[in-house]
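Trainee: Attaching a single structure in structure tokens format; questions to follow.
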Amino acid sequence: MVGAARRGCNWRFSVSHATLDLSGRYRSVFAKPLPWATQIAGPFHVVKHANSKLDDCRRRAQNELFDHRGGKDPRSLQSEASTHDGRRASRRERTREAARLLRAGDRRTRSPGTWYAKEAVRELYALDDEQLAAQWFDELVRDMNDPSEPIEIRSLGRTLKRWRDQMIA
């Protein structure tokens, strides 16, 4: 934000919104020169973080099951699945297939819960009503912080809680 300070008052006062990654340092540095601007957590960065928690959970489960991390999964659970005849799979088909693959690699069913948590985070961005999004967000964070949830889901919940205002904006 050093560049923002150099640009002058007219330019700075014209900035009303800014999209941020999930860096706390960037958020605090941004807030000093442009405290009036609405900060928005970039959906790409939020979903990427949720995807990384799914990967962490899958790796931990593999390590516990096989005493090693295992290779890279050739069928990424983050990508859009398609059916055998090449047509695009419906959301229901993708959900069933992902859950089946997750259960096959994680007998204790931690990964499916993490996958559903990741999908719930993605769905937040489909909501147009800010009040409904805030309500859903708060319930999601509360559910994710349940001590019975895997460590990856609880970690994701803590991150969401820290960035609540920027995500809802």
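Residues in the structure tokens are named by chain (A, B, ... in the order shown) and by number from 1 within that chain; ligands are numbered from 1 in the order shown.
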Would you pick out the contacts of Gln166 of chain A at 10 Å or less, using only C-alpha atoms, so that residues sharing its chain but fewer than 2 positions from it are not included, and give the list as an mmCIF file with all heavy atoms, in the first residue's frame?

Mentor:
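Wrote out16.cif, looks like this:
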```cif
data_model
loop_
_atom_site.group_PDB
_atom_site.id
_atom_site.type_symbol
_atom_site.label_atom_id
_atom_site.label_comp_id
_atom_site.auth_asym_id
_atom_site.auth_seq_id
_atom_site.Cartn_x
_atom_site.Cartn_y
_atom_site.Cartn_z
ATOM 1 N N ALA A 18 -11.832 -3.237 -1.973
ATOM 2 C CA ALA A 18 -10.590 -3.910 -2.365
ATOM 3 C C ALA A 18 -10.722 -5.392 -2.051
ATOM 4 O O ALA A 18 -11.271 -5.777 -1.019
ATOM 5 C CB ALA A 18 -9.399 -3.332 -1.631
ATOM 6 N N THR A 19 -10.230 -6.209 -2.973
ATOM 7 C CA THR A 19 -10.243 -7.657 -2.768
ATOM 8 C C THR A 19 -8.895 -8.077 -2.203
ATOM 9 O O THR A 19 -7.854 -7.707 -2.738
ATOM 10 C CB THR A 19 -10.498 -8.382 -4.103
ATOM 11 O OG1 THR A 19 -11.718 -7.896 -4.645
ATOM 12 C CG2 THR A 19 -10.593 -9.874 -3.892
ATOM 13 N N LEU A 20 -8.930 -8.844 -1.125
ATOM 14 C CA LEU A 20 -7.714 -9.259 -0.435
ATOM 15 C C LEU A 20 -7.547 -10.772 -0.504
ATOM 16 O O LEU A 20 -8.520 -11.513 -0.601
ATOM 17 C CB LEU A 20 -7.787 -8.857 1.039
ATOM 18 C CG LEU A 20 -8.133 -7.411 1.371
ATOM 19 C CD1 LEU A 20 -8.292 -7.246 2.869
ATOM 20 C CD2 LEU A 20 -7.071 -6.482 0.848
ATOM 21 N N LEU A 22 -5.916 -14.001 1.828
ATOM 22 C CA LEU A 22 -6.110 -14.263 3.261
ATOM 23 C C LEU A 22 -4.847 -13.991 4.073
ATOM 24 O O LEU A 22 -4.515 -14.730 4.991
ATOM 25 C CB LEU A 22 -6.583 -15.704 3.474
ATOM 26 C CG LEU A 22 -7.948 -16.025 2.887
ATOM 27 C CD1 LEU A 22 -8.321 -17.475 3.160
ATOM 28 C CD2 LEU A 22 -9.018 -15.098 3.406
ATOM 29 N N ARG A 27 -3.945 -7.322 5.064
ATOM 30 C CA ARG A 27 -5.163 -6.696 5.575
ATOM 31 C C ARG A 27 -4.827 -5.502 6.457
ATOM 32 O O ARG A 27 -5.406 -4.428 6.323
ATOM 33 C CB ARG A 27 -5.990 -7.719 6.352
ATOM 34 C CG ARG A 27 -7.243 -7.131 6.957
ATOM 35 C CD ARG A 27 -8.145 -8.148 7.582
ATOM 36 N NE ARG A 27 -7.510 -8.932 8.610
ATOM 37 C CZ ARG A 27 -8.129 -9.858 9.317
ATOM 38 N NH1 ARG A 27 -9.407 -10.116 9.095
ATOM 39 N NH2 ARG A 27 -7.500 -10.540 10.230
ATOM 40 N N THR A 38 -14.096 -0.794 1.855
ATOM 41 C CA THR A 38 -14.607 -2.103 2.252
ATOM 42 C C THR A 38 -13.636 -3.175 1.789
ATOM 43 O O THR A 38 -13.309 -3.261 0.606
ATOM 44 C CB THR A 38 -15.991 -2.358 1.617
ATOM 45 O OG1 THR A 38 -16.872 -1.322 2.027
ATOM 46 C CG2 THR A 38 -16.537 -3.714 2.025
ATOM 47 N N GLN A 39 -13.174 -3.975 2.724
ATOM 48 C CA GLN A 39 -12.260 -5.071 2.396
ATOM 49 C C GLN A 39 -13.076 -6.327 2.112
ATOM 50 O O GLN A 39 -13.981 -6.663 2.871
ATOM 51 C CB GLN A 39 -11.297 -5.335 3.547
ATOM 52 C CG GLN A 39 -10.391 -4.190 3.860
ATOM 53 C CD GLN A 39 -9.485 -4.490 5.039
ATOM 54 O OE1 GLN A 39 -9.467 -5.595 5.566
ATOM 55 N NE2 GLN A 39 -8.728 -3.500 5.459
ATOM 56 N N ILE A 40 -12.739 -7.017 1.030
ATOM 57 C CA ILE A 40 -13.449 -8.227 0.628
ATOM 58 C C ILE A 40 -12.437 -9.351 0.463
ATOM 59 O O ILE A 40 -11.444 -9.200 -0.250
ATOM 60 C CB ILE A 40 -14.196 -8.003 -0.704
ATOM 61 C CG1 ILE A 40 -15.199 -6.856 -0.543
ATOM 62 C CG2 ILE A 40 -14.887 -9.274 -1.157
ATOM 63 C CD1 ILE A 40 -15.802 -6.382 -1.834
ATOM 64 N N ALA A 41 -12.685 -10.466 1.142
ATOM 65 C CA ALA A 41 -11.823 -11.644 0.976
ATOM 66 C C ALA A 41 -12.138 -12.258 -0.385
ATOM 67 O O ALA A 41 -13.286 -12.582 -0.671
ATOM 68 C CB ALA A 41 -12.064 -12.648 2.087
ATOM 69 N N GLY A 42 -11.128 -12.395 -1.206
ATOM 70 C CA GLY A 42 -11.322 -12.934 -2.553
ATOM 71 C C GLY A 42 -11.825 -14.367 -2.510
ATOM 72 O O GLY A 42 -11.215 -15.221 -1.859
ATOM 73 N N LEU A 160 -12.132 -18.886 8.931
ATOM 74 C CA LEU A 160 -13.369 -18.223 8.518
ATOM 75 C C LEU A 160 -13.801 -17.190 9.558
ATOM 76 O O LEU A 160 -14.225 -16.084 9.207
ATOM 77 C CB LEU A 160 -14.482 -19.244 8.304
ATOM 78 C CG LEU A 160 -14.298 -20.251 7.164
ATOM 79 C CD1 LEU A 160 -15.481 -21.211 7.113
ATOM 80 C CD2 LEU A 160 -14.110 -19.563 5.832
ATOM 81 N N ARG A 162 -11.942 -15.494 11.652
ATOM 82 C CA ARG A 162 -11.062 -14.323 11.600
ATOM 83 C C ARG A 162 -11.392 -13.393 10.427
ATOM 84 O O ARG A 162 -11.191 -12.194 10.505
ATOM 85 C CB ARG A 162 -9.596 -14.754 11.468
ATOM 86 C CG ARG A 162 -8.895 -15.028 12.749
ATOM 87 C CD ARG A 162 -7.399 -15.131 12.597
ATOM 88 N NE ARG A 162 -6.936 -15.978 11.530
ATOM 89 C CZ ARG A 162 -6.746 -17.288 11.601
ATOM 90 N NH1 ARG A 162 -6.991 -17.922 12.728
ATOM 91 N NH2 ARG A 162 -6.306 -17.971 10.582
ATOM 92 N N TRP A 163 -11.877 -13.961 9.327
ATOM 93 C CA TRP A 163 -12.129 -13.198 8.103
ATOM 94 C C TRP A 163 -13.629 -13.011 7.855
ATOM 95 O O TRP A 163 -14.031 -12.702 6.732
ATOM 96 C CB TRP A 163 -11.479 -13.913 6.916
ATOM 97 C CG TRP A 163 -10.005 -13.769 6.937
ATOM 98 C CD1 TRP A 163 -9.102 -14.555 7.595
ATOM 99 C CD2 TRP A 163 -9.237 -12.749 6.294
ATOM 100 N NE1 TRP A 163 -7.830 -14.100 7.392
ATOM 101 C CE2 TRP A 163 -7.880 -12.991 6.594
ATOM 102 C CE3 TRP A 163 -9.566 -11.671 5.487
ATOM 103 C CZ2 TRP A 163 -6.869 -12.184 6.107
ATOM 104 C CZ3 TRP A 163 -8.554 -10.875 5.008
ATOM 105 C CH2 TRP A 163 -7.215 -11.133 5.320
ATOM 106 N N ARG A 164 -14.446 -13.133 8.866
ATOM 107 C CA ARG A 164 -15.908 -13.084 8.703
ATOM 108 C C ARG A 164 -16.368 -11.839 7.953
ATOM 109 O O ARG A 164 -17.074 -11.931 6.954
ATOM 110 C CB ARG A 164 -16.589 -13.144 10.073
ATOM 111 C CG ARG A 164 -18.105 -13.091 9.994
ATOM 112 C CD ARG A 164 -18.743 -12.859 11.362
ATOM 113 N NE ARG A 164 -20.175 -12.985 11.301
ATOM 114 C CZ ARG A 164 -20.988 -12.013 10.891
ATOM 115 N NH1 ARG A 164 -20.510 -10.862 10.485
ATOM 116 N NH2 ARG A 164 -22.296 -12.216 10.866
ATOM 117 N N ILE A 168 -18.164 -11.930 4.187
ATOM 118 C CA ILE A 168 -19.564 -11.582 4.005
ATOM 119 C C ILE A 168 -19.697 -10.360 3.104
ATOM 120 O O ILE A 168 -20.636 -10.251 2.324
ATOM 121 C CB ILE A 168 -20.256 -11.371 5.369
ATOM 122 C CG1 ILE A 168 -20.354 -12.728 6.069
ATOM 123 C CG2 ILE A 168 -21.633 -10.769 5.207
ATOM 124 C CD1 ILE A 168 -20.845 -12.678 7.477
ATOM 125 N N ALA A 169 -18.721 -9.464 3.167
ATOM 126 C CA ALA A 169 -18.751 -8.273 2.303
ATOM 127 C C ALA A 169 -18.704 -8.676 0.839
ATOM 128 O O ALA A 169 -19.232 -8.030 -0.022
ATOM 129 C CB ALA A 169 -17.591 -7.344 2.634
#
```

Trainee: Give me, as JSON, numbers by chain, all polymer residues having an atom no more than 12 Å from Ser52 of chain A, counting only C-alpha atoms and skipping those fewer than 3 positions away in the same chain.

Mentor: {"A": [45, 46, 47, 48, 49, 55, 56, 57, 58, 59, 77, 78, 114, 115, 117, 118, 152, 153, 155, 156]}

Trainee: I want to know what sits within 10 Å of Arg142 of chain A, based on only C-alpha atoms, with residues of the same chain fewer than 3 positions away left out; could you give that as JSON, numbers by chain?

Mentor: {"A": [136, 137, 138, 139, 145, 146, 154, 157, 158, 161]}

Trainee: Please write the residues from the selection above to a file, keeping N, CA and C atoms, as an mmCIF file, in the first residue's frame.

Mentor:
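Result went into selection10.cif, see below:
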```cif
data_model
loop_
_atom_site.group_PDB
_atom_site.id
_atom_site.type_symbol
_atom_site.label_atom_id
_atom_site.label_comp_id
_atom_site.auth_asym_id
_atom_site.auth_seq_id
_atom_site.Cartn_x
_atom_site.Cartn_y
_atom_site.Cartn_z
ATOM 1 N N TRP A 136 -25.868 -18.045 7.540
ATOM 2 C CA TRP A 136 -25.295 -19.327 7.143
ATOM 3 C C TRP A 136 -23.834 -19.392 7.590
ATOM 4 N N PHE A 137 -23.110 -18.317 7.384
ATOM 5 C CA PHE A 137 -21.696 -18.255 7.740
ATOM 6 C C PHE A 137 -21.511 -18.528 9.231
ATOM 7 N N ASP A 138 -22.286 -17.854 10.059
ATOM 8 C CA ASP A 138 -22.151 -18.024 11.514
ATOM 9 C C ASP A 138 -22.465 -19.454 11.948
ATOM 10 N N GLU A 139 -23.490 -20.057 11.349
ATOM 11 C CA GLU A 139 -23.808 -21.457 11.664
ATOM 12 C C GLU A 139 -22.685 -22.390 11.212
ATOM 13 N N ASN A 145 -16.339 -25.540 14.473
ATOM 14 C CA ASN A 145 -15.565 -25.468 15.710
ATOM 15 C C ASN A 145 -15.975 -26.504 16.741
ATOM 16 N N ASP A 146 -16.829 -27.431 16.359
ATOM 17 C CA ASP A 146 -17.210 -28.533 17.238
ATOM 18 C C ASP A 146 -15.974 -29.405 17.497
ATOM 19 N N ARG A 154 -11.753 -27.775 11.960
ATOM 20 C CA ARG A 154 -11.676 -26.769 13.027
ATOM 21 C C ARG A 154 -10.737 -25.631 12.629
ATOM 22 N N GLY A 157 -12.530 -23.468 10.227
ATOM 23 C CA GLY A 157 -13.503 -22.664 10.968
ATOM 24 C C GLY A 157 -12.863 -21.458 11.645
ATOM 25 N N ARG A 158 -11.663 -21.643 12.210
ATOM 26 C CA ARG A 158 -10.968 -20.516 12.845
ATOM 27 C C ARG A 158 -10.593 -19.449 11.814
ATOM 28 N N LYS A 161 -13.695 -17.550 10.818
ATOM 29 C CA LYS A 161 -14.099 -16.642 11.890
ATOM 30 C C LYS A 161 -13.265 -15.358 11.866
#
```

Trainee: Figure out the distance between atom CA of Glu149 of chain A and atom CA of Glu123 of chain A, please, to one decimal in Å.

Mentor: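 Atom-to-atom, atom CA of Glu123 of chain A to atom CA of Glu149 of chain A, that is 19.9 Å.
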
Trainee: Measuring between only C-alpha atoms, which one of A:Cys9, A:Val121, A:Met144, A:Leu127 shows the shortest distance to Phe44 of chain A?

Mentor: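 Ranking A:Cys9, A:Val121, A:Met144, A:Leu127 by distance to Phe44 of chain A, first place goes to A:Val121.
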
Trainee: Which residue, A:Trp11, A:Met167, A:Thr159, A:Glu64, has the smallest gap to Pro43 of chain A when you use only C-alpha atoms?

Mentor: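 Once distances to Pro43 of chain A are computed over only C-alpha atoms, the minimum belongs to A:Met167.
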